[in-house]
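*Asks:* File name final32.cif; file contents mmCIF, C-alpha atoms; full text below.
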```
data_protein
#
loop_
_atom_site.label_atom_id
_atom_site.label_comp_id
_atom_site.auth_asym_id
_atom_site.auth_seq_id
_atom_site.Cartn_x
_atom_site.Cartn_y
_atom_site.Cartn_z
CA MET G 258 -5.36 21.41 26.61
CA VAL G 259 -6.37 17.93 25.46
CA LEU G 260 -5.56 18.93 21.89
CA ILE G 261 -2.05 20.02 22.85
CA VAL G 262 -1.42 16.83 24.82
CA LEU G 263 -2.62 14.62 21.96
CA VAL G 264 -0.60 16.53 19.34
CA LEU G 265 2.50 16.22 21.49
CA ALA G 266 1.79 12.52 22.07
CA SER G 267 1.50 12.02 18.31
CA PHE G 268 4.86 13.68 17.69
CA VAL G 269 6.47 11.61 20.45
CA LEU G 270 5.06 8.40 18.96
CA MET G 271 6.27 9.36 15.48
CA THR G 272 9.72 10.20 16.80
CA PHE G 273 10.00 6.89 18.64
CA ASP G 274 8.71 4.92 15.66
CA ILE G 275 10.93 6.57 13.07
CA ARG G 276 14.04 6.48 15.26
CA SER G 277 13.52 2.86 16.29
CA GLN G 278 13.08 1.90 12.61
CA GLY G 279 10.46 -0.71 13.30
CA ASP G 280 12.07 -2.20 16.42
CA GLY G 281 11.54 -1.66 20.14
CA LEU G 282 8.37 -0.67 21.89
CA THR G 283 6.48 0.48 18.81
CA SER G 284 7.16 -2.86 17.15
CA THR G 285 5.67 -4.60 20.19
CA PHE G 286 2.57 -2.41 19.90
CA ARG G 287 2.25 -3.22 16.22
CA THR G 288 2.64 -6.94 16.88
CA GLY G 289 -0.08 -6.79 19.52
CA ALA G 290 -2.41 -4.76 17.32
CA GLN G 291 -1.90 -7.09 14.36
CA ALA G 292 -2.65 -10.11 16.56
CA LEU G 293 -5.78 -8.47 17.97
CA ALA G 294 -7.09 -7.28 14.64
CA ALA G 295 -6.33 -10.43 12.65
CA PRO G 296 -9.40 -12.46 13.69
CA LEU G 297 -11.69 -9.47 13.08
CA GLN G 298 -10.12 -8.76 9.71
CA ASP G 299 -10.26 -12.41 8.66
CA ALA G 300 -13.90 -12.69 9.66
CA THR G 301 -14.76 -9.47 7.84
CA ARG G 302 -12.98 -10.61 4.70
CA VAL G 303 -14.96 -13.85 4.66
CA ILE G 304 -18.08 -11.70 4.35
CA THR G 305 -16.81 -8.87 2.18
CA ASP G 306 -14.59 -10.71 -0.30
CA PRO G 307 -17.50 -12.33 -2.18
CA VAL G 308 -19.18 -8.91 -2.42
CA VAL G 309 -16.01 -7.33 -3.80
CA ASP G 310 -15.54 -10.24 -6.21
CA LEU G 311 -19.11 -9.81 -7.43
CA LEU G 312 -18.60 -6.09 -7.97
CA ASP G 313 -15.31 -6.76 -9.74
CA GLY G 314 -17.03 -9.29 -11.98
CA MET G 315 -19.81 -6.85 -12.85
CA ALA G 316 -17.31 -4.13 -13.62
CA ASN G 317 -15.29 -6.45 -15.82
CA VAL G 318 -18.10 -8.15 -17.74
CA THR G 319 -17.98 -5.69 -20.64
CA THR G 320 -14.33 -6.35 -21.23
CA LEU G 321 -14.58 -10.13 -20.93
CA ARG G 322 -15.56 -10.76 -24.57
CA ALA G 323 -12.61 -8.84 -25.97
CA GLU G 324 -10.38 -10.55 -23.41
CA ASN G 325 -11.70 -13.92 -24.53
CA GLU G 326 -10.81 -13.22 -28.16
CA ARG G 327 -7.37 -12.06 -27.18
CA LEU G 328 -6.82 -15.13 -25.03
CA ARG G 329 -7.81 -17.45 -27.90
CA GLY G 330 -5.04 -15.91 -29.95
CA GLU G 331 -2.63 -16.28 -27.08
CA VAL G 332 -3.51 -19.96 -26.67
CA GLU G 333 -2.49 -20.59 -30.27
CA THR G 334 0.78 -18.77 -29.75
CA LEU G 335 1.43 -20.61 -26.48
CA ARG G 336 0.84 -23.99 -28.13
CA ALA G 337 3.52 -23.18 -30.61
CA ASN G 338 5.81 -21.91 -27.85
CA ALA G 339 5.21 -24.99 -25.71
CA ALA G 340 6.72 -27.25 -28.31
CA GLU G 341 9.75 -25.01 -28.54
CA ALA G 342 10.02 -24.77 -24.73
CA SER G 343 10.06 -28.51 -24.35
CA GLU G 344 13.01 -28.69 -26.69
CA LEU G 345 14.80 -25.88 -24.83
CA ARG G 346 14.15 -27.53 -21.45
CA SER G 347 15.88 -30.69 -22.56
CA GLU G 348 18.78 -28.65 -23.83
CA ASN G 349 18.90 -26.66 -20.57
CA GLU G 350 19.02 -29.80 -18.43
CA LEU G 351 21.79 -31.17 -20.56
CA LEU G 352 23.82 -27.96 -20.23
CA ARG G 353 23.22 -27.84 -16.45
CA THR G 354 24.60 -31.32 -16.19
CA PHE G 355 27.65 -30.26 -18.15
CA LEU G 356 28.19 -27.17 -16.01
CA ASN G 357 27.27 -28.91 -12.74
CA LEU G 358 24.93 -26.03 -11.75
CA PRO G 359 22.63 -26.35 -8.74
CA GLY G 360 18.88 -26.05 -9.24
CA SER G 361 17.60 -22.50 -9.22
CA GLU G 362 14.53 -23.08 -7.06
CA ILE G 363 14.19 -20.76 -4.10
CA PRO G 364 12.06 -21.85 -1.13
CA PHE G 365 8.87 -19.84 -0.90
CA ILE G 366 5.79 -19.25 1.20
CA VAL G 367 2.36 -18.48 -0.23
CA ALA G 368 0.64 -15.72 1.74
CA GLU G 369 -2.73 -14.05 1.60
CA VAL G 370 -3.04 -10.29 1.63
CA ARG G 371 -4.81 -9.56 4.88
CA SER G 372 -5.20 -5.81 4.85
CA GLY G 373 -4.20 -2.70 3.02
CA GLY G 374 -3.54 0.86 4.06
CA GLY G 375 -5.67 3.87 3.40
CA PRO G 376 -5.40 6.52 0.72
CA LEU G 377 -1.77 7.48 0.01
CA ASP G 378 -0.59 4.37 1.86
CA THR G 379 0.46 1.71 -0.64
CA GLY G 380 1.77 -0.86 1.87
CA PHE G 381 -0.16 -3.97 2.82
CA THR G 382 -0.13 -6.76 5.40
CA ILE G 383 0.16 -10.47 4.63
CA ASN G 384 -0.99 -13.35 6.83
CA GLN G 385 2.39 -15.07 7.15
CA GLY G 386 5.18 -13.97 9.47
CA GLN G 387 8.13 -15.16 11.53
CA ASP G 388 6.36 -18.38 12.49
CA ALA G 389 6.20 -19.38 8.83
CA GLY G 390 9.80 -18.36 8.15
CA VAL G 391 9.30 -14.91 6.69
CA VAL G 392 12.24 -12.63 7.44
CA LEU G 393 12.87 -8.94 7.00
CA GLY G 394 13.80 -8.09 3.42
CA ASN G 395 12.29 -11.16 1.76
CA PRO G 396 11.14 -10.33 -1.75
CA VAL G 397 7.42 -10.73 -2.44
CA VAL G 398 6.40 -11.79 -5.94
CA ASP G 399 3.31 -12.96 -7.78
CA GLU G 400 2.83 -16.30 -9.51
CA ASN G 401 4.72 -15.06 -12.57
CA ASP G 402 7.87 -13.99 -10.70
CA VAL G 403 6.88 -10.34 -10.94
CA LEU G 404 8.35 -8.43 -8.00
CA ILE G 405 5.51 -6.96 -5.92
CA GLY G 406 7.56 -5.60 -3.02
CA ILE G 407 9.68 -6.53 -0.03
CA VAL G 408 8.92 -7.39 3.57
CA ARG G 409 9.56 -4.32 5.69
CA GLU G 410 8.32 -5.49 9.10
CA VAL G 411 7.77 -9.00 10.41
CA PHE G 412 5.51 -10.13 13.23
CA PRO G 413 4.92 -13.69 14.46
CA ALA G 414 1.84 -14.27 12.30
CA SER G 415 1.96 -11.45 9.78
CA ALA G 416 4.27 -9.11 7.92
CA ILE G 417 4.09 -5.69 6.32
CA VAL G 418 5.10 -5.40 2.67
CA VAL G 419 6.33 -2.21 1.02
CA PRO G 420 5.33 -2.47 -2.64
CA VAL G 421 7.44 -1.64 -5.68
CA ILE G 422 5.09 1.23 -6.48
CA GLY G 423 5.60 2.83 -3.04
CA PRO G 424 7.45 6.15 -3.12
CA THR G 425 10.05 4.90 -0.62
CA PHE G 426 10.96 1.81 -2.67
CA GLY G 427 13.96 1.41 -4.93
CA VAL G 428 15.54 -1.64 -6.53
CA GLU G 429 18.43 -2.12 -8.93
CA VAL G 430 17.45 -3.51 -12.32
CA VAL G 431 19.20 -4.65 -15.43
CA SER G 432 18.09 -4.07 -19.00
CA ALA G 433 18.14 -6.60 -21.81
CA ALA G 434 21.44 -5.08 -22.95
CA GLY G 435 22.91 -5.65 -19.48
CA ASP G 436 22.94 -2.04 -18.32
CA LEU G 437 22.20 -1.31 -14.68
CA GLY G 438 19.74 1.23 -13.38
CA VAL G 439 17.51 1.83 -10.40
CA VAL G 440 13.73 1.64 -10.48
CA GLN G 441 11.96 3.77 -7.92
CA GLY G 442 8.30 3.81 -6.91
CA LEU G 443 6.23 6.93 -7.46
CA GLY G 444 3.11 5.93 -5.56
CA SER G 445 1.34 5.28 -8.84
CA THR G 446 0.18 1.91 -10.14
CA GLU G 447 0.84 3.12 -13.68
CA ARG G 448 4.42 4.30 -13.64
CA LEU G 449 7.80 3.97 -11.95
CA ALA G 450 10.92 6.08 -12.31
CA LEU G 451 13.97 4.53 -13.92
CA LEU G 452 17.11 6.32 -12.83
CA ALA G 453 20.56 6.43 -14.34
CA LEU G 454 20.71 3.56 -16.77
CA GLY G 455 24.23 2.77 -17.85
CA PRO G 456 26.23 4.18 -20.75
CA GLU G 457 25.40 1.48 -23.28
CA ALA G 458 21.74 2.00 -22.69
CA GLY G 459 19.07 2.35 -25.24
CA LEU G 460 15.67 1.05 -24.36
CA ARG G 461 12.98 -0.32 -26.63
CA ALA G 462 9.26 -0.18 -25.92
CA GLY G 463 8.08 -3.43 -24.40
CA GLU G 464 11.50 -4.34 -23.02
CA ILE G 465 11.32 -5.92 -19.57
CA LEU G 466 13.59 -4.74 -16.75
CA LYS G 467 14.61 -7.41 -14.25
CA THR G 468 16.26 -7.33 -10.84
CA SER G 469 20.04 -7.34 -11.06
CA GLY G 470 20.61 -9.50 -7.99
CA ARG G 471 22.98 -6.95 -6.51
CA ASP G 472 20.53 -5.79 -3.82
CA ALA G 473 20.91 -7.87 -0.68
CA GLY G 474 18.12 -10.41 -0.39
CA ILE G 475 16.67 -9.94 -3.88
CA PRO G 476 17.57 -12.60 -6.44
CA ALA G 477 18.38 -11.73 -10.02
CA GLY G 478 15.82 -12.16 -12.74
CA LEU G 479 12.60 -11.05 -11.03
CA LEU G 480 10.45 -9.05 -13.41
CA VAL G 481 9.99 -5.43 -12.35
CA ALA G 482 8.88 -3.08 -15.11
CA GLU G 483 8.17 -2.68 -18.79
CA VAL G 484 9.63 0.10 -20.90
CA LEU G 485 6.81 2.28 -22.22
CA ALA G 486 8.50 3.85 -25.22
CA ASP G 487 11.81 3.79 -27.06
CA VAL G 488 14.46 5.78 -25.20
CA GLU G 489 17.77 6.84 -26.67
CA PRO G 490 20.63 7.71 -24.34
CA SER G 491 21.57 11.35 -24.08
CA ASN G 492 25.23 12.24 -23.41
CA GLY G 493 26.04 8.58 -23.04
CA GLN G 494 23.32 7.62 -20.57
CA ILE G 495 19.66 7.87 -19.64
CA ASP G 496 19.23 10.01 -16.54
CA THR G 497 15.59 9.48 -15.71
CA THR G 498 12.66 8.03 -17.57
CA GLU G 499 9.36 6.45 -16.68
CA VAL G 500 8.51 2.78 -16.99
CA ALA G 501 5.36 0.80 -16.24
CA PRO G 502 5.24 -1.50 -13.19
CA LEU G 503 4.39 -5.09 -14.03
CA ALA G 504 2.77 -5.69 -10.65
CA ASP G 505 -0.32 -3.97 -9.32
CA PRO G 506 -0.33 -4.77 -5.61
CA THR G 507 -3.50 -2.78 -5.03
CA PHE G 508 -5.75 -5.72 -5.76
CA ALA G 509 -3.39 -8.63 -5.06
CA ARG G 510 -5.02 -11.33 -2.94
CA PHE G 511 -2.29 -13.94 -2.81
CA VAL G 512 1.45 -13.38 -3.00
CA VAL G 513 4.59 -15.49 -2.82
CA VAL G 514 7.30 -14.66 -0.29
CA LEU G 515 10.70 -15.85 -1.52
CA GLN G 516 12.92 -17.11 1.29
CA TYR G 517 16.00 -15.84 -0.42
CA SER G 518 18.89 -14.87 1.79
CA ALA G 519 21.91 -14.81 -0.47
CA ALA G 520 24.31 -11.92 -0.17
CA PRO G 521 24.29 -9.43 -3.02
CA VAL G 522 26.45 -10.18 -6.00
CA VAL G 523 29.68 -8.26 -5.56
CA ALA G 524 29.88 -5.58 -8.18
CA GLU G 525 32.97 -5.28 -10.24
CA PRO G 526 34.33 -1.76 -10.11
CA VAL G 527 33.45 0.19 -13.22
CA ASP G 528 33.96 3.78 -14.16
CA ASP G 529 30.43 4.78 -15.06
CA GLY G 530 29.27 5.29 -11.49
CA THR G 531 26.42 2.79 -11.71
CA SER G 532 28.06 0.02 -9.74
CA THR G 533 26.98 1.18 -6.28
CA SER G 534 24.58 -1.33 -4.83
CA THR G 535 21.45 0.14 -3.27
CA THR G 536 20.27 -0.66 0.21
CA LEU G 537 17.44 -3.15 0.15
CA GLY G 538 14.10 -1.56 -0.47
CA GLU G 539 15.20 1.98 0.15
CA THR G 540 15.35 4.73 -2.32
CA PRO G 541 18.96 5.17 -3.30
CA MET D 73 -26.55 9.40 27.55
CA ARG D 74 -23.17 10.94 26.93
CA SER D 75 -21.40 7.67 27.64
CA ARG D 76 -23.84 5.99 25.26
CA ALA D 77 -22.78 8.32 22.48
CA ILE D 78 -19.12 7.63 23.23
CA ALA D 79 -19.75 3.88 23.19
CA TRP D 80 -21.47 4.15 19.81
CA ALA D 81 -18.65 6.31 18.47
CA LEU D 82 -16.10 3.71 19.58
CA LEU D 83 -18.12 0.94 17.95
CA PHE D 84 -18.35 2.90 14.69
CA MET D 85 -14.62 3.53 14.89
CA VAL D 86 -13.76 -0.16 15.30
CA VAL D 87 -16.03 -1.08 12.39
CA ALA D 88 -14.50 1.68 10.27
CA VAL D 89 -10.94 0.57 11.04
CA VAL D 90 -11.73 -3.05 10.18
CA LEU D 91 -13.56 -2.09 6.98
CA GLN D 92 -10.81 0.34 5.97
CA THR D 93 -8.13 -2.35 6.22
CA THR D 94 -10.20 -5.09 4.58
CA LEU D 95 -13.15 -4.14 2.37
CA PHE D 96 -11.94 -0.70 1.35
CA ALA D 97 -8.40 -1.95 0.79
CA ARG D 98 -9.83 -3.82 -2.22
CA LEU D 99 -12.84 -1.75 -3.19
CA ALA D 100 -11.29 1.30 -4.78
CA PRO D 101 -13.55 3.31 -7.08
CA PHE D 102 -11.42 5.05 -9.74
CA ARG D 103 -8.43 3.33 -8.08
CA ILE D 104 -8.66 5.56 -5.02
CA LEU D 105 -9.35 4.12 -1.58
CA PRO D 106 -12.05 5.88 0.45
CA ASP D 107 -11.09 6.85 4.01
CA VAL D 108 -13.96 5.66 6.18
CA VAL D 109 -12.04 6.12 9.44
CA LEU D 110 -11.69 9.80 8.64
CA LEU D 111 -15.41 9.86 7.80
CA VAL D 112 -16.42 8.33 11.14
CA VAL D 113 -14.16 10.67 13.13
CA ILE D 114 -15.64 13.71 11.38
CA LEU D 115 -19.23 12.59 11.82
CA SER D 116 -18.78 11.46 15.45
CA ALA D 117 -17.38 14.86 16.37
CA ARG D 118 -20.85 16.33 15.65
CA TRP D 119 -22.46 14.50 18.52
CA LEU D 120 -19.63 14.31 21.04
CA TYR D 121 -18.16 16.92 23.34
CA PRO D 122 -14.81 18.24 22.10
CA ASP D 123 -12.55 16.22 24.43
CA PRO D 124 -14.06 12.80 23.66
CA ALA D 125 -14.07 13.74 19.97
CA LEU D 126 -10.34 14.50 20.07
CA LEU D 127 -9.61 11.30 21.97
CA LEU D 128 -11.64 9.33 19.43
CA GLY D 129 -9.67 10.87 16.58
CA PHE D 130 -6.38 10.10 18.29
CA THR D 131 -7.39 6.51 19.11
CA ALA D 132 -8.65 5.85 15.59
CA GLY D 133 -5.42 7.26 14.16
CA VAL D 134 -3.24 5.11 16.40
CA ALA D 135 -5.28 2.04 15.41
CA VAL D 136 -4.83 2.71 11.69
CA ASP D 137 -1.13 3.47 12.17
CA LEU D 138 -0.64 0.19 14.03
CA LEU D 139 -2.34 -1.80 11.28
CA GLY D 140 -0.83 0.09 8.36
CA THR D 141 2.60 1.11 7.18
CA THR D 142 2.60 4.76 8.20
CA PRO D 143 4.72 5.89 11.17
CA LEU D 144 2.93 5.39 14.46
CA GLY D 145 1.36 8.73 15.37
CA LEU D 146 1.05 10.21 11.89
CA ARG D 147 -2.61 9.42 11.33
CA ALA D 148 -3.25 9.95 15.05
CA LEU D 149 -2.02 13.53 14.66
CA ILE D 150 -4.06 14.13 11.53
CA LEU D 151 -7.28 12.66 12.86
CA THR D 152 -6.88 14.59 16.12
CA LEU D 153 -6.52 17.84 14.18
CA VAL D 154 -9.45 16.99 11.92
CA ALA D 155 -11.59 16.08 14.95
CA TYR D 156 -10.68 19.42 16.48
CA ALA D 157 -11.72 21.22 13.30
CA ALA D 158 -14.92 19.16 13.18
CA THR D 159 -15.92 20.13 16.70
CA ARG D 160 -15.42 23.79 15.82
CA ARG D 161 -17.07 23.83 12.43
CA THR D 162 -20.09 21.54 12.50
CA GLU D 163 -23.68 21.73 13.69
CA PRO D 164 -25.14 18.59 15.28
CA GLU D 165 -28.51 19.01 13.58
CA ALA D 166 -27.47 19.96 10.08
CA THR D 167 -29.39 18.69 7.06
CA PRO D 168 -27.93 15.59 5.35
CA PHE D 169 -26.70 17.71 2.46
CA ALA D 170 -24.97 20.21 4.78
CA MET D 171 -23.50 17.29 6.70
CA ALA D 172 -22.16 15.77 3.47
CA LEU D 173 -20.68 19.08 2.37
CA SER D 174 -18.93 19.78 5.67
CA THR D 175 -17.71 16.16 5.78
CA ALA D 176 -16.23 16.58 2.30
CA LEU D 177 -14.47 19.81 3.31
CA LEU D 178 -13.08 18.33 6.50
CA SER D 179 -12.00 15.22 4.58
CA LEU D 180 -10.19 17.52 2.18
CA LEU D 181 -8.39 19.03 5.16
CA GLY D 182 -7.49 15.54 6.40
CA VAL D 183 -6.13 14.32 3.07
CA VAL D 184 -4.12 17.48 2.48
CA LEU D 185 -2.69 17.25 6.01
CA PHE D 186 -1.80 13.62 5.37
CA ALA D 187 -0.07 14.46 2.10
CA VAL D 188 1.92 17.32 3.65
CA LEU D 189 2.80 15.71 6.99
CA GLY D 190 3.41 12.36 5.29
CA THR D 191 5.98 14.04 3.08
CA LEU D 192 7.61 15.76 6.06
CA PHE D 193 7.88 12.43 7.87
CA GLY D 194 9.40 10.54 4.96
CA GLN D 195 6.32 8.90 3.47
CA GLY D 196 6.74 10.64 0.13
CA SER D 197 3.01 11.31 -0.05
CA LEU D 198 3.26 14.48 -2.13
CA ALA D 199 5.55 12.64 -4.54
CA GLU D 200 2.93 9.98 -5.17
CA GLY D 201 1.61 9.83 -8.68
CA ASN D 202 -2.06 9.90 -7.74
CA VAL D 203 -1.90 12.50 -4.98
CA VAL D 204 -4.07 15.01 -6.86
CA ARG D 205 -6.68 12.37 -7.67
CA THR D 206 -6.64 11.22 -4.03
CA VAL D 207 -6.98 14.75 -2.67
CA LEU D 208 -9.95 15.35 -4.96
CA LEU D 209 -11.73 12.01 -4.77
CA VAL D 210 -11.46 11.04 -1.10
CA PRO D 211 -13.50 14.09 0.03
CA ILE D 212 -16.09 13.35 -2.67
CA PHE D 213 -16.37 9.70 -1.58
CA ASN D 214 -16.63 10.70 2.07
CA GLY D 215 -19.22 13.38 1.33
CA PHE D 216 -21.28 10.84 -0.59
CA LEU D 217 -20.97 8.21 2.15
CA ALA D 218 -21.91 10.82 4.78
CA LEU D 219 -25.32 11.12 3.14
CA PHE D 220 -26.06 7.56 4.27
CA VAL D 221 -23.84 7.04 7.32
CA GLY D 222 -24.54 10.47 8.84
CA PRO D 223 -28.28 10.01 9.45
CA LEU D 224 -27.63 6.53 10.87
CA MET D 225 -25.03 7.84 13.29
CA ARG D 226 -27.25 10.76 14.27
CA ARG D 227 -30.09 8.38 15.02
CA VAL D 228 -28.07 6.27 17.42
CA MET D 229 -25.87 8.98 18.92
CA MET D 230 -28.39 11.78 19.39
CA PRO D 231 -31.86 11.24 20.90
CA ALA D 232 -34.57 12.57 18.59
CA THR D 233 -36.74 13.76 21.47
CA SER D 234 -34.32 16.08 23.25
CA GLY D 235 -32.25 17.36 20.33
CA VAL D 236 -29.38 18.30 22.61
CA LEU D 237 -25.76 17.30 22.60
CA LEU D 238 -25.11 14.01 24.32
#
```
Turn this file's structure into structure tokens for me.
*Replies:*
Amino acid sequence: MVLIVLVLASFVLMTFDIRSQGDGLTSTFRTGAQALAAPLQDATRVITDPVVDLLDGMANVTTLRAENERLRGEVETLRANAAEASELRSENELLRTFLNLPGSEIPFIVAEVRSGGGPLDTGFTINQGQDAGVVLGNPVVDENDVLIGIVREVFPASAIVVPVIGPTFGVEVVSAAGDLGVVQGLGSTERLALLALGPEAGLRAGEILKTSGRDAGIPAGLLVAEVLADVEPSNGQIDTTEVAPLADPTFARFVVVLQYSAAPVVAEPVDDGTSTSTTLGETP
Amino acid sequence: MRSRAIAWALLFMVVAVVLQTTLFARLAPFRILPDVVLLVVILSARWLYPDPALLLGFTAGVAVDLLGTTPLGLRALILTLVAYAATRRTEPEATPFAMALSTALLSLLGVVLFAVLGTLFGQGSLAEGNVVRTVLLVPIFNGFLALFVGPLMRRVMMPATSGVLL
């Protein structure tokens, strides 16, 4: 009898939660639970984080030497690039003045990852919410402008983020050649699906796919994925291929929430069928 | 004594929920997160009567749902069903190895249920890239952890002198 009641109660709760889409009574419950659990979680993390860091360090020590050598090489390259960048920056500022462009800085909030889900649950909670100015749909990036995910639910002092790798996530991207496609999470930290890249497509290994800016609330130019291998279009376009996510939200500790609220760029009608803008954060 | 066992089970559950969402959200051997809430529900069911065991599973599931991104009620349903299976399939005084084995099997049931029901309720769990690895590794992790957590829970939830259900 108790089993039947609890099973029915579970189905009722699921129905309410899914139909209310994160609002209503279930949202109130979540807000309360987050507020109650936050002090416990924060206190636990103070104790456990050093232990995890120590274990991480021990696991990584064998790879540190090789990493060190690689980084030395990168430093040399970066020194050379820095000189070039300085020159380009001056040129950029000059051109901005000519074109009278506004600055491209977007306001942001730095947040700490408070908690994660369990197995097969890729979402995570951050310690900043409505009180700090986080709103539904804000993109979440790392320090290198790599898109980690978007805010799916917001509470006063916390928010839930659905990561790029989550199987319910989709975002429109643009290739280096300017073709549009949609990247969709597969629940794996190693690969994402790239759907329906445009007719001029042809991808090269190592090419970076960036957000197109046509999804509401997501600015253009955020880094999303890297092409794993050369891909030639078949019958004029690439239907589906796999790319590697640039972000691994599994072990992220700090993230940046972009307070970007611009409307999506209006797509010009084209005949290839790729101009339909996807709904923010949902699989198209 | 029965209420004492329930109180201990609740305490273990709270600790498991907090650790699941903090420590085990970062500590992922082979990139798979263990499910310690599932572990505690399975082990507690050994030393509780069926109804409290089911209620514990449901409560633990609701707590994880509220703190995670799954629909409210999804984990509650799964942990209730797993708790029910645990009350039917486990012996309170099993050896640690038998306890670990049955915990692994029940964890397998829990993870498979989560993958299937998660897919039915729009979570895309079966579509996830590491679903096979998760289904295989979570029961192994839980079985291993049961070797250590099981005896501890038995000690506090079941009196050694009487050897009867609390």
*Asks:* Could you give me, as a CSV table (one decimal) with C-alpha atoms, in the frame of the given file, the residues that sit within 12 Å of (-13.2, 13.3, -2.8) in the file's coordinates, counting only C-alpha atoms?
*Replies:*
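Ended up saving to result_21.csv:
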```csv
chain,number,residue,atom,x,y,z
G,376,PRO,CA,-5.4,6.5,0.7
D,101,PRO,CA,-13.6,3.3,-7.1
D,102,PHE,CA,-11.4,5.0,-9.7
D,104,ILE,CA,-8.7,5.6,-5.0
D,105,LEU,CA,-9.4,4.1,-1.6
D,106,PRO,CA,-12.0,5.9,0.4
D,107,ASP,CA,-11.1,6.8,4.0
D,108,VAL,CA,-14.0,5.7,6.2
D,111,LEU,CA,-15.4,9.9,7.8
D,172,ALA,CA,-22.2,15.8,3.5
D,173,LEU,CA,-20.7,19.1,2.4
D,175,THR,CA,-17.7,16.2,5.8
D,176,ALA,CA,-16.2,16.6,2.3
D,177,LEU,CA,-14.5,19.8,3.3
D,178,LEU,CA,-13.1,18.3,6.5
D,179,SER,CA,-12.0,15.2,4.6
D,180,LEU,CA,-10.2,17.5,2.2
D,181,LEU,CA,-8.4,19.0,5.2
D,182,GLY,CA,-7.5,15.5,6.4
D,183,VAL,CA,-6.1,14.3,3.1
D,184,VAL,CA,-4.1,17.5,2.5
D,203,VAL,CA,-1.9,12.5,-5.0
D,204,VAL,CA,-4.1,15.0,-6.9
D,205,ARG,CA,-6.7,12.4,-7.7
D,206,THR,CA,-6.6,11.2,-4.0
D,207,VAL,CA,-7.0,14.8,-2.7
D,208,LEU,CA,-10.0,15.4,-5.0
D,209,LEU,CA,-11.7,12.0,-4.8
D,210,VAL,CA,-11.5,11.0,-1.1
D,211,PRO,CA,-13.5,14.1,0.0
D,212,ILE,CA,-16.1,13.4,-2.7
D,213,PHE,CA,-16.4,9.7,-1.6
D,214,ASN,CA,-16.6,10.7,2.1
D,215,GLY,CA,-19.2,13.4,1.3
D,216,PHE,CA,-21.3,10.8,-0.6
D,217,LEU,CA,-21.0,8.2,2.2
D,218,ALA,CA,-21.9,10.8,4.8
```
*Asks:* At a cut-off of 9 Å, which residues of chain D touch chain G? Count all atoms listed in the file and give the answer as a VMD selection string.
*Replies:* chain D and resid 90 to 100 103 to 108 123 126 to 127 130 134 to 150 152 to 153 156 183 186 to 187 190 193 to 203 206 210
*Asks:* From the options D:Tyr121, D:Leu115, D:Ala81, D:Gly129, which residue's atoms come nearest to Pro223 in chain D, counting all atoms listed in the file?
*Replies:*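 Going through D:Tyr121, D:Leu115, D:Ala81, D:Gly129 one by one, the smallest distance to Pro223 in chain D is for D:Leu115.
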*Asks:* Take CA of Ala125 in chain D and CA of Ile78 in chain D and report the distance between them in Å, one decimal.
*Replies:*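 Going from CA of Ala125 in chain D over to CA of Ile78 in chain D, I get 8.6 Å.
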*Asks:* Between CA of Arg160 in chain D and CA of Val87 in chain D, what is the distance in Å, rounded to a tenth?
*Replies:*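 Atom-to-atom, CA of Arg160 in chain D to CA of Val87 in chain D, that is 25.1 Å.
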*Asks:* From the list D:Val86, D:Leu192, D:Ala77, D:Leu151, which residue is nearest Ser116 in chain D when using only C-alpha atoms?
*Replies:*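 Checking each of D:Val86, D:Leu192, D:Ala77, D:Leu151 against Ser116 in chain D, counting only C-alpha atoms, the winner is D:Ala77.
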*Asks:* Have a look at CA of Leu189 in chain D and CA of Gly133 in chain D and let me know their distance in Å, one decimal.
*Replies:* 13.8 Å
*Asks:* Find the smallest box with edges along x, y and z containing every listed atom of range 413-424 of chain G, then add 8 Å on each side and report centre and edge lengths in Å to one decimal, as AutoDock Vina command-line options.
*Replies:*
```
--center_x 4.6 --center_y -4.1 --center_z 4.0 --size_x 21.6 --size_y 36.4 --size_z 36.9
```
*Asks:* Kindly provide, as a VMD selection string, the polymer residues lying within 10 Å of (9.5, -11.3, -12.6), counting all atoms listed in the file and using the coordinates exactly as they appear in the file.
*Replies:* chain G and resid 398 to 405 465 to 468 477 to 482 503 to 504
*Asks:* Have range 285-290 of chain G completed to N, CA and C atoms, please, and pass it along as a short mmCIF file (atom, residue, chain, number, x, y, z; two decimals), in the coordinates of the input.
*Replies:*
```cif
data_model
loop_
_atom_site.label_atom_id
_atom_site.label_comp_id
_atom_site.auth_asym_id
_atom_site.auth_seq_id
_atom_site.Cartn_x
_atom_site.Cartn_y
_atom_site.Cartn_z
N THR G 285 6.48 -3.75 19.30
CA THR G 285 5.67 -4.60 20.19
C THR G 285 4.20 -4.20 20.08
N PHE G 286 3.96 -2.89 20.06
CA PHE G 286 2.57 -2.41 19.90
C PHE G 286 1.97 -2.91 18.59
N ARG G 287 2.76 -2.79 17.53
CA ARG G 287 2.25 -3.22 16.22
C ARG G 287 1.94 -4.71 16.22
N THR G 288 2.85 -5.49 16.83
CA THR G 288 2.64 -6.94 16.88
C THR G 288 1.33 -7.25 17.60
N GLY G 289 1.13 -6.57 18.74
CA GLY G 289 -0.08 -6.79 19.52
C GLY G 289 -1.33 -6.40 18.73
N ALA G 290 -1.25 -5.25 18.08
CA ALA G 290 -2.41 -4.76 17.32
C ALA G 290 -2.73 -5.70 16.17
#
```
